[in-house]
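Asker: Contents of coords-v4.tsv (TSV, C-alpha atoms) are given next:
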```tsv
chain	number	residue	atom	x	y	z
A	1	MET	CA	-25.20	-21.21	-37.60
A	2	THR	CA	-24.14	-18.05	-39.31
A	3	ASP	CA	-24.73	-16.35	-42.61
A	4	GLY	CA	-21.47	-14.45	-42.99
A	5	ASP	CA	-21.09	-12.58	-39.72
A	6	ARG	CA	-24.79	-12.54	-38.87
A	7	PRO	CA	-26.31	-15.46	-36.94
A	8	ARG	CA	-29.66	-16.76	-38.05
A	9	PHE	CA	-32.62	-15.27	-36.23
A	10	PRO	CA	-35.28	-17.79	-35.17
A	11	GLN	CA	-38.94	-17.62	-36.08
A	12	THR	CA	-40.83	-16.09	-33.18
A	13	VAL	CA	-44.38	-15.58	-31.96
A	14	THR	CA	-44.99	-11.90	-31.20
A	15	THR	CA	-47.34	-10.62	-28.50
A	16	TYR	CA	-48.01	-7.26	-26.85
A	17	HIS	CA	-48.78	-6.26	-23.29
A	18	ASP	CA	-50.32	-2.91	-22.40
A	19	GLY	CA	-48.32	-2.36	-19.27
A	20	ILE	CA	-48.35	0.17	-16.47
A	21	LEU	CA	-45.72	2.34	-18.17
A	22	GLY	CA	-46.29	1.61	-21.85
A	23	ARG	CA	-46.98	-1.13	-24.37
A	24	MET	CA	-44.37	-3.89	-24.39
A	25	ARG	CA	-43.59	-6.28	-27.22
A	26	SER	CA	-42.34	-9.78	-26.48
A	27	ARG	CA	-41.13	-12.47	-28.84
A	28	THR	CA	-41.40	-16.14	-27.95
A	29	VAL	CA	-39.80	-19.37	-29.20
A	30	GLY	CA	-39.98	-23.00	-28.15
A	31	ARG	CA	-42.66	-24.74	-26.15
A	32	SER	CA	-43.46	-25.21	-22.51
A	33	ARG	CA	-42.22	-28.54	-21.15
A	34	PRO	CA	-43.36	-30.30	-17.96
A	35	GLY	CA	-40.99	-29.72	-15.07
A	36	VAL	CA	-38.89	-27.13	-16.93
A	37	PRO	CA	-39.15	-23.43	-16.02
A	38	GLU	CA	-39.55	-20.98	-18.87
A	39	VAL	CA	-36.91	-18.32	-19.48
A	40	VAL	CA	-37.60	-14.60	-19.83
A	41	LEU	CA	-34.89	-12.38	-21.33
A	42	VAL	CA	-34.68	-8.62	-20.83
A	43	GLN	CA	-33.19	-6.61	-23.70
A	44	GLY	CA	-29.90	-4.69	-23.49
A	45	MET	CA	-29.16	-0.97	-23.88
A	46	ALA	CA	-31.82	0.20	-26.38
A	47	VAL	CA	-31.43	-2.98	-28.46
A	48	ALA	CA	-33.06	-6.39	-28.50
A	49	ASP	CA	-32.54	-8.10	-31.87
A	50	TYR	CA	-28.98	-9.16	-31.07
A	51	LEU	CA	-30.40	-11.48	-28.39
A	52	LEU	CA	-32.56	-13.43	-30.85
A	53	PRO	CA	-29.88	-16.08	-31.57
A	54	GLY	CA	-29.56	-16.66	-27.83
A	55	LEU	CA	-33.34	-16.80	-27.52
A	56	GLY	CA	-33.41	-19.46	-30.22
A	57	ALA	CA	-30.88	-21.58	-28.34
A	58	LEU	CA	-33.00	-21.43	-25.18
A	59	GLY	CA	-36.06	-22.38	-27.22
A	60	GLN	CA	-34.47	-25.73	-28.01
A	61	TRP	CA	-35.21	-26.97	-24.49
A	62	THR	CA	-37.94	-24.68	-23.04
A	63	ARG	CA	-40.25	-21.84	-23.97
A	64	ALA	CA	-38.31	-18.59	-23.94
A	65	HIS	CA	-39.43	-14.97	-24.21
A	66	LEU	CA	-37.55	-11.79	-25.16
A	67	VAL	CA	-39.15	-8.79	-23.46
A	68	GLU	CA	-38.67	-5.30	-24.93
A	69	LEU	CA	-38.89	-2.21	-22.74
A	70	PRO	CA	-41.24	0.74	-23.36
A	71	GLY	CA	-39.67	3.16	-25.81
A	72	PHE	CA	-37.37	0.62	-27.47
A	73	ALA	CA	-37.30	-2.00	-30.21
A	74	GLY	CA	-40.90	-2.97	-31.03
A	75	SER	CA	-42.54	-1.66	-27.87
A	76	GLY	CA	-44.72	1.43	-27.58
A	77	GLU	CA	-43.92	4.90	-26.30
A	78	PRO	CA	-43.80	5.50	-22.55
A	79	SER	CA	-45.61	8.45	-21.01
A	80	HIS	CA	-42.21	9.85	-19.96
A	81	GLU	CA	-38.56	8.84	-20.10
A	82	LEU	CA	-38.12	5.94	-17.69
A	83	ASP	CA	-35.38	5.19	-15.18
A	84	VAL	CA	-34.10	1.76	-14.18
A	85	PRO	CA	-36.57	1.19	-11.29
A	86	GLU	CA	-39.42	2.02	-13.68
A	87	PHE	CA	-38.07	-0.37	-16.31
A	88	GLY	CA	-37.95	-2.98	-13.55
A	89	ARG	CA	-41.57	-2.28	-12.62
A	90	SER	CA	-42.54	-2.70	-16.27
A	91	VAL	CA	-40.93	-6.14	-16.47
A	92	ALA	CA	-42.41	-7.18	-13.12
A	93	ASP	CA	-45.84	-6.12	-14.40
A	94	TRP	CA	-45.29	-8.16	-17.59
A	95	LEU	CA	-44.38	-11.22	-15.51
A	96	THR	CA	-47.45	-10.85	-13.32
A	97	ALA	CA	-49.75	-10.42	-16.33
A	98	ARG	CA	-48.34	-13.43	-18.18
A	99	ALA	CA	-48.48	-15.72	-15.11
A	100	LEU	CA	-46.00	-18.22	-16.53
A	101	GLY	CA	-45.19	-19.79	-13.19
A	102	PRO	CA	-41.79	-19.26	-11.56
A	103	VAL	CA	-39.43	-18.46	-14.43
A	104	ILE	CA	-35.74	-17.92	-14.86
A	105	LEU	CA	-35.39	-14.18	-15.41
A	106	ALA	CA	-32.29	-13.23	-17.38
A	107	GLY	CA	-30.83	-9.92	-18.45
A	108	HIS	CA	-27.90	-9.06	-20.65
A	109	SER	CA	-25.73	-5.96	-20.23
A	110	SER	CA	-27.95	-3.09	-19.02
A	111	GLY	CA	-30.82	-5.60	-18.98
A	112	THR	CA	-29.17	-7.13	-15.92
A	113	GLN	CA	-30.01	-4.00	-13.94
A	114	VAL	CA	-33.63	-4.15	-15.05
A	115	ALA	CA	-33.95	-7.90	-14.46
A	116	ALA	CA	-32.53	-7.63	-10.95
A	117	ARG	CA	-34.97	-4.82	-10.12
A	118	ALA	CA	-37.91	-6.83	-11.48
A	119	ALA	CA	-36.93	-9.99	-9.60
A	120	VAL	CA	-36.73	-8.50	-6.12
A	121	GLY	CA	-39.67	-9.86	-4.17
A	122	HIS	CA	-41.46	-11.23	-7.25
A	123	THR	CA	-42.97	-14.66	-6.60
A	124	GLY	CA	-42.94	-15.40	-10.33
A	125	VAL	CA	-39.11	-15.61	-10.43
A	126	ALA	CA	-37.36	-18.87	-9.53
A	127	ALA	CA	-33.81	-17.78	-10.39
A	128	VAL	CA	-31.95	-14.86	-11.95
A	129	VAL	CA	-29.25	-14.80	-14.64
A	130	LEU	CA	-27.10	-11.72	-15.13
A	131	ALA	CA	-25.02	-11.98	-18.29
A	132	SER	CA	-22.31	-9.33	-18.84
A	133	PRO	CA	-23.62	-7.30	-15.88
A	134	THR	CA	-23.40	-3.51	-15.80
A	135	VAL	CA	-22.33	-1.05	-14.68
A	136	ASP	CA	-19.05	-2.12	-13.05
A	137	PRO	CA	-17.84	0.56	-10.60
A	138	VAL	CA	-14.66	0.92	-12.66
A	139	ALA	CA	-16.83	2.05	-15.60
A	140	ARG	CA	-19.24	4.37	-13.77
A	141	GLY	CA	-18.86	7.68	-15.48
A	142	TRP	CA	-19.39	8.79	-19.07
A	143	VAL	CA	-15.72	8.88	-20.04
A	144	ARG	CA	-14.83	5.62	-18.34
A	145	LEU	CA	-17.84	3.81	-19.79
A	146	LEU	CA	-17.19	5.10	-23.32
A	147	THR	CA	-13.52	4.15	-23.08
A	148	ARG	CA	-14.31	0.64	-21.98
A	149	TRP	CA	-17.04	0.28	-24.60
A	150	ARG	CA	-14.56	1.22	-27.32
A	151	LEU	CA	-11.99	-1.24	-25.96
A	152	ASP	CA	-14.60	-3.98	-25.89
A	153	SER	CA	-15.70	-3.22	-29.46
A	154	ARG	CA	-12.29	-4.40	-30.68
A	155	HIS	CA	-13.19	-7.89	-29.50
A	156	GLU	CA	-16.74	-7.92	-30.85
A	157	PRO	CA	-17.56	-9.58	-34.19
A	158	PRO	CA	-18.46	-7.58	-37.30
A	159	GLY	CA	-22.16	-7.53	-38.07
A	160	LEU	CA	-23.15	-6.81	-34.48
A	161	GLY	CA	-23.21	-3.02	-34.89
A	162	GLU	CA	-25.18	-3.36	-38.12
A	163	SER	CA	-27.82	-5.26	-36.14
A	164	HIS	CA	-28.06	-2.41	-33.62
A	165	HIS	CA	-28.48	0.51	-36.03
A	166	PRO	CA	-32.25	0.27	-36.73
A	167	GLU	CA	-33.03	0.05	-33.02
A	168	TRP	CA	-30.68	2.92	-32.18
A	169	ARG	CA	-32.40	5.06	-34.80
A	170	ARG	CA	-35.81	4.18	-33.38
A	171	ALA	CA	-34.71	5.22	-29.87
A	172	GLY	CA	-33.13	8.50	-30.99
A	173	LEU	CA	-30.17	10.34	-29.49
A	174	HIS	CA	-32.06	12.02	-26.65
A	175	ARG	CA	-33.51	8.75	-25.34
A	176	LEU	CA	-30.20	6.95	-25.75
A	177	LEU	CA	-28.36	9.57	-23.70
A	178	HIS	CA	-31.07	9.57	-21.04
A	179	THR	CA	-30.97	5.77	-20.81
A	180	VAL	CA	-27.20	5.61	-20.42
A	181	HIS	CA	-27.39	8.24	-17.68
A	182	ALA	CA	-30.17	6.33	-15.91
A	183	HIS	CA	-28.13	3.12	-15.88
A	184	LEU	CA	-25.00	4.89	-14.69
A	185	ASP	CA	-27.07	6.15	-11.74
A	186	ASP	CA	-28.30	2.66	-10.83
A	187	ALA	CA	-26.10	0.43	-8.65
A	188	LEU	CA	-26.78	-3.20	-9.60
A	189	GLU	CA	-25.29	-4.53	-6.37
A	190	GLU	CA	-28.04	-2.82	-4.36
A	191	SER	CA	-30.68	-4.88	-6.16
A	192	VAL	CA	-28.64	-8.08	-6.04
A	193	THR	CA	-28.31	-7.96	-2.26
A	194	GLN	CA	-32.12	-8.12	-2.05
A	195	LEU	CA	-32.46	-11.29	-4.15
A	196	ARG	CA	-33.62	-14.44	-2.36
A	197	VAL	CA	-33.36	-16.82	-5.30
A	198	PRO	CA	-30.39	-18.55	-6.98
A	199	LEU	CA	-28.21	-16.22	-9.05
A	200	LEU	CA	-25.99	-17.06	-12.01
A	201	ILE	CA	-23.48	-14.53	-13.35
A	202	ILE	CA	-22.13	-15.20	-16.86
A	203	ARG	CA	-19.18	-13.16	-18.11
A	204	GLY	CA	-17.28	-13.23	-21.40
A	205	ARG	CA	-13.57	-13.59	-20.74
A	206	ASP	CA	-12.74	-10.77	-23.18
A	207	ASP	CA	-15.34	-8.38	-21.75
A	208	ARG	CA	-13.73	-4.96	-21.29
A	209	ILE	CA	-16.83	-3.25	-19.87
A	210	GLY	CA	-17.08	-5.35	-16.72
A	211	THR	CA	-14.32	-7.04	-14.72
A	212	VAL	CA	-14.18	-10.60	-13.44
A	213	GLN	CA	-13.59	-9.27	-9.93
A	214	TRP	CA	-16.92	-7.44	-9.95
A	215	ALA	CA	-18.76	-10.41	-11.46
A	216	ARG	CA	-17.49	-12.63	-8.66
A	217	HIS	CA	-18.37	-9.98	-6.11
A	218	LEU	CA	-21.98	-9.90	-7.36
A	219	ALA	CA	-22.26	-13.69	-7.16
A	220	GLY	CA	-20.97	-13.57	-3.60
A	221	LEU	CA	-23.77	-11.25	-2.52
A	222	VAL	CA	-26.36	-14.05	-2.85
A	223	GLU	CA	-26.44	-17.23	-0.79
A	224	GLU	CA	-26.87	-19.37	-3.91
A	225	GLY	CA	-24.70	-17.31	-6.24
A	226	GLN	CA	-22.42	-18.64	-8.95
A	227	CYS	CA	-20.11	-16.90	-11.42
A	228	ILE	CA	-18.83	-18.52	-14.60
A	229	GLU	CA	-16.79	-17.26	-17.55
A	230	VAL	CA	-17.26	-18.22	-21.18
A	231	ALA	CA	-15.46	-17.42	-24.40
A	232	GLY	CA	-16.19	-14.05	-26.00
A	233	ALA	CA	-16.53	-10.37	-25.20
A	234	HIS	CA	-19.42	-8.36	-23.76
A	235	THR	CA	-22.00	-9.59	-26.29
A	236	PHE	CA	-20.85	-13.21	-26.33
A	237	PRO	CA	-24.37	-14.65	-27.01
A	238	TRP	CA	-24.39	-13.07	-30.49
A	239	LEU	CA	-22.14	-15.63	-32.18
A	240	ASP	CA	-22.24	-18.37	-29.53
A	241	PRO	CA	-25.82	-18.70	-28.28
A	242	GLN	CA	-25.03	-22.00	-26.58
A	243	ALA	CA	-22.52	-20.21	-24.34
A	244	TRP	CA	-25.38	-19.10	-22.15
A	245	SER	CA	-27.99	-21.70	-23.08
A	246	ARG	CA	-26.02	-24.56	-21.56
A	247	PRO	CA	-25.41	-22.99	-18.11
A	248	ILE	CA	-28.96	-21.62	-17.96
A	249	ARG	CA	-30.28	-25.09	-18.71
A	250	ARG	CA	-28.20	-26.50	-15.85
A	251	LEU	CA	-29.61	-23.79	-13.59
A	252	ALA	CA	-33.14	-24.71	-14.70
A	253	ALA	CA	-32.52	-28.34	-13.71
A	254	ARG	CA	-31.20	-27.21	-10.33
A	255	VAL	CA	-34.07	-24.91	-9.39
A	256	GLY	CA	-36.57	-27.63	-10.25
A	257	PRO	CA	-40.03	-27.64	-11.78
A	258	PRO	CA	-42.40	-24.69	-11.50
A	259	ARG	CA	-44.52	-24.65	-8.40
```
Reformat the file's structure so that it appears as structure tokens.
Answerer:
Amino acid sequence: MTDGDRPRFPQTVTTYHDGILGRMRSRTVGRSRPGVPEVVLVQGMAVADYLLPGLGALGQWTRAHLVELPGFAGSGEPSHELDVPEFGRSVADWLTARALGPVILAGHSSGTQVAARAAVGHTGVAAVVLASPTVDPVARGWVRLLTRWRLDSRHEPPGLGESHHPEWRRAGLHRLLHTVHAHLDDALEESVTQLRVPLLIIRGRDDRIGTVQWARHLAGLVEEGQCIEVAGAHTFPWLDPQAWSRPIRRLAARVGPPR
């Protein structure tokens, strides 16, 4: 699976959507299968490439899409610096434009906040997956978040940071700081309480950014909520893509075929 410390990135089909708040790139793998919902992934904090191994794993059993937010990765420039509700509107607009049928909408890290915002009230979402959700109340604050990020980095594999650098450079320091601030200001639990679809929380056991207590609390806010733990730290899908592919596939079987 790996070449040294870097997992193999799958071949993808790239498309663009001129959305309400900026052009958005998406990368797709796999094929649509009868009775199986497609999966849409939302990128993490300013970075998307690290999710490609996980995208490839999902593409083994359904068609899966990695959506990049305006201003980041391969997407276009927004008209202004966006906050989390606006990122959520962008993803909701992408979902409406693509009309894939009810999908499983998944976010990783800060992407969980965007995915939850996008899913609220959207008829195109059959279930939501929040992997390594942020920002845990114990980490809300610049110093606390940075401290926990540094602690978590001790458990992350080498090669991950190298993957992030080109996308960090593209975003630039000003946008990175603005984006962190915007996510610190957004309370994920407020969006989660408004969800009316099944919810799956996936947490790495060695995650130092978010606690298991908060992950379980989030799952308990939804009638059909479930929380599971897997091996790894905050970015567990990087070296073990199947760690989230398997539970998401089980969720797909439970929510049933697209309407």
Asker: Interatomic distance between atom CA of A:Val128 and atom CA of A:Leu200?
Answerer: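 Computing it gives 6.4 Å between the two atoms.
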Asker: Write out as a ChimeraX atom specification each polymer residue whose atoms come within 9 Å of A:Val255, counting all atoms listed in the file; drop sequence neighbours fewer than 4 positions from it.
Answerer: /A:37,126-127,198,250-251
Asker: Neighbouring residues of stretch 208-218 of chain A were defined as those with any atom within 10 Å, considering all atoms listed in the file; residues of the same chain fewer than 5 positions away were excluded. Please report them as JSON, numbers by chain.
Answerer: {"A": [109, 130, 131, 132, 133, 134, 135, 136, 137, 138, 139, 144, 145, 146, 147, 148, 149, 150, 151, 152, 153, 154, 155, 188, 189, 190, 192, 193, 199, 200, 201, 202, 203, 225, 226, 227, 228, 229, 233, 234]}
Asker: May I have the protein, DNA and RNA residues with an atom at most 8 Å from (-32.1, -18.6, -24.7), counting all atoms listed in the file in the file's coordinates, returned as a PyMOL selection string?
Answerer: chain A and resi 39+41+53-59+64+241+244-245
Asker: Just to confirm, what's the straight-line distance from atom CA of A:Pro102 to atom CA of A:Met45 in Å (one decimal)?
Answerer: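 If I compute the distance from atom CA of A:Pro102 to atom CA of A:Met45, I get 25.4 Å.
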Asker: Using atom CA of A:Leu239 and atom CA of A:Leu176 as the two end points, give the distance in Å to one decimal.
Answerer: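 Separation of atom CA of A:Leu239 and atom CA of A:Leu176: 24.8 Å.
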Asker: Which polymer residues, protein or nucleic acid, are no farther than 12 Å from (-31.2, 0.2, -28.1), counting only C-alpha atoms, as an MDAnalysis selection string?
Answerer: chainID A and resid 42:51 68:75 109:111 161 163:180
Asker: Mind dumping the selected residues with C-alpha atoms as an mmCIF file, keeping the file's coordinate frame?
Answerer:
```cif
data_model
loop_
_atom_site.group_PDB
_atom_site.id
_atom_site.type_symbol
_atom_site.label_atom_id
_atom_site.label_comp_id
_atom_site.auth_asym_id
_atom_site.auth_seq_id
_atom_site.Cartn_x
_atom_site.Cartn_y
_atom_site.Cartn_z
ATOM 1 C CA VAL A 42 -34.680 -8.620 -20.830
ATOM 2 C CA GLN A 43 -33.190 -6.610 -23.700
ATOM 3 C CA GLY A 44 -29.900 -4.690 -23.490
ATOM 4 C CA MET A 45 -29.160 -0.970 -23.880
ATOM 5 C CA ALA A 46 -31.820 0.200 -26.380
ATOM 6 C CA VAL A 47 -31.430 -2.980 -28.460
ATOM 7 C CA ALA A 48 -33.060 -6.390 -28.500
ATOM 8 C CA ASP A 49 -32.540 -8.100 -31.870
ATOM 9 C CA TYR A 50 -28.980 -9.160 -31.070
ATOM 10 C CA LEU A 51 -30.400 -11.480 -28.390
ATOM 11 C CA GLU A 68 -38.670 -5.300 -24.930
ATOM 12 C CA LEU A 69 -38.890 -2.210 -22.740
ATOM 13 C CA PRO A 70 -41.240 0.740 -23.360
ATOM 14 C CA GLY A 71 -39.670 3.160 -25.810
ATOM 15 C CA PHE A 72 -37.370 0.620 -27.470
ATOM 16 C CA ALA A 73 -37.300 -2.000 -30.210
ATOM 17 C CA GLY A 74 -40.900 -2.970 -31.030
ATOM 18 C CA SER A 75 -42.540 -1.660 -27.870
ATOM 19 C CA SER A 109 -25.730 -5.960 -20.230
ATOM 20 C CA SER A 110 -27.950 -3.090 -19.020
ATOM 21 C CA GLY A 111 -30.820 -5.600 -18.980
ATOM 22 C CA GLY A 161 -23.210 -3.020 -34.890
ATOM 23 C CA SER A 163 -27.820 -5.260 -36.140
ATOM 24 C CA HIS A 164 -28.060 -2.410 -33.620
ATOM 25 C CA HIS A 165 -28.480 0.510 -36.030
ATOM 26 C CA PRO A 166 -32.250 0.270 -36.730
ATOM 27 C CA GLU A 167 -33.030 0.050 -33.020
ATOM 28 C CA TRP A 168 -30.680 2.920 -32.180
ATOM 29 C CA ARG A 169 -32.400 5.060 -34.800
ATOM 30 C CA ARG A 170 -35.810 4.180 -33.380
ATOM 31 C CA ALA A 171 -34.710 5.220 -29.870
ATOM 32 C CA GLY A 172 -33.130 8.500 -30.990
ATOM 33 C CA LEU A 173 -30.170 10.340 -29.490
ATOM 34 C CA HIS A 174 -32.060 12.020 -26.650
ATOM 35 C CA ARG A 175 -33.510 8.750 -25.340
ATOM 36 C CA LEU A 176 -30.200 6.950 -25.750
ATOM 37 C CA LEU A 177 -28.360 9.570 -23.700
ATOM 38 C CA HIS A 178 -31.070 9.570 -21.040
ATOM 39 C CA THR A 179 -30.970 5.770 -20.810
ATOM 40 C CA VAL A 180 -27.200 5.610 -20.420
#
```
Asker: Would you please work out which residue, of A:Ala115, A:Ala253, A:Asp207, A:Val29, is nearest to A:Glu156 when using only C-alpha atoms?
Answerer: A:Asp207
Asker: Have a look at A:Leu66, A:Ala92, A:Val125, A:Ala252 and name the one nearest to A:Val40; count all atoms listed in the file.
Answerer: A:Leu66
Asker: Step by step, gather every atom of stretch 45-55 of chain A that the file lists, find the box along x, y and z that holds them, add 5 Å on each side, and finally give centre and edge lengths in Å to one decimal, as lines of an AutoDock Vina configuration file.
Answerer:
```
center_x = -31.2
center_y = -8.3
center_z = -27.9
size_x = 14.4
size_y = 27.0
size_z = 18.0
```
Asker: Considering all atoms listed in the file, can you say which of A:Ala106, A:Gln113, A:Arg23, A:Gln11 comes closest to A:Ser90?
Answerer: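 Answer, going by the shortest atom-to-atom distance: A:Arg23.
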Asker: Return the single residue from A:Thr12, A:Gln242, A:Ser26, A:Thr62 that is closest to A:Gly76, with distances computed using all atoms listed in the file.
Answerer: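 Between A:Thr12, A:Gln242, A:Ser26, A:Thr62, the residue approaching A:Gly76 most closely is A:Ser26.
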Asker: With N, CA and C atoms as the target, complete stretch 115-130 of chain A and hand it back as a compact mmCIF listing (two decimals), keeping the file's coordinate frame.
Answerer:
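That gives us part-v6.txt:
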```txt
# COMPACT_ATOMS: atom_id res chain seq x y z
N ALA A 115 -33.51 -6.58 -14.92
CA ALA A 115 -33.95 -7.90 -14.46
C ALA A 115 -33.82 -8.02 -12.95
N ALA A 116 -32.72 -7.54 -12.40
CA ALA A 116 -32.53 -7.63 -10.95
C ALA A 116 -33.60 -6.82 -10.22
N ARG A 117 -33.91 -5.63 -10.72
CA ARG A 117 -34.97 -4.82 -10.12
C ARG A 117 -36.30 -5.56 -10.16
N ALA A 118 -36.62 -6.15 -11.31
CA ALA A 118 -37.91 -6.83 -11.48
C ALA A 118 -38.03 -8.06 -10.59
N ALA A 119 -36.90 -8.72 -10.33
CA ALA A 119 -36.93 -9.99 -9.60
C ALA A 119 -37.10 -9.83 -8.11
N VAL A 120 -36.70 -8.68 -7.57
CA VAL A 120 -36.73 -8.50 -6.12
C VAL A 120 -38.15 -8.65 -5.60
N GLY A 121 -38.37 -9.65 -4.80
CA GLY A 121 -39.67 -9.86 -4.17
C GLY A 121 -40.76 -10.40 -5.07
N HIS A 122 -40.43 -10.75 -6.32
CA HIS A 122 -41.46 -11.23 -7.25
C HIS A 122 -41.58 -12.75 -7.14
N THR A 123 -42.76 -13.22 -6.79
CA THR A 123 -42.97 -14.66 -6.60
C THR A 123 -42.94 -15.43 -7.91
N GLY A 124 -42.98 -14.73 -9.04
CA GLY A 124 -42.94 -15.40 -10.33
C GLY A 124 -41.54 -15.66 -10.83
N VAL A 125 -40.51 -15.42 -10.01
CA VAL A 125 -39.11 -15.61 -10.43
C VAL A 125 -38.48 -16.70 -9.57
N ALA A 126 -37.99 -17.77 -10.23
CA ALA A 126 -37.36 -18.87 -9.53
C ALA A 126 -35.86 -18.71 -9.44
N ALA A 127 -35.26 -18.00 -10.38
CA ALA A 127 -33.81 -17.78 -10.39
C ALA A 127 -33.53 -16.61 -11.32
N VAL A 128 -32.34 -16.02 -11.16
CA VAL A 128 -31.95 -14.86 -11.95
C VAL A 128 -30.61 -15.14 -12.62
N VAL A 129 -30.50 -14.72 -13.89
CA VAL A 129 -29.25 -14.80 -14.64
C VAL A 129 -28.85 -13.40 -15.06
N LEU A 130 -27.64 -13.01 -14.73
CA LEU A 130 -27.10 -11.72 -15.13
C LEU A 130 -25.90 -11.98 -16.03
```
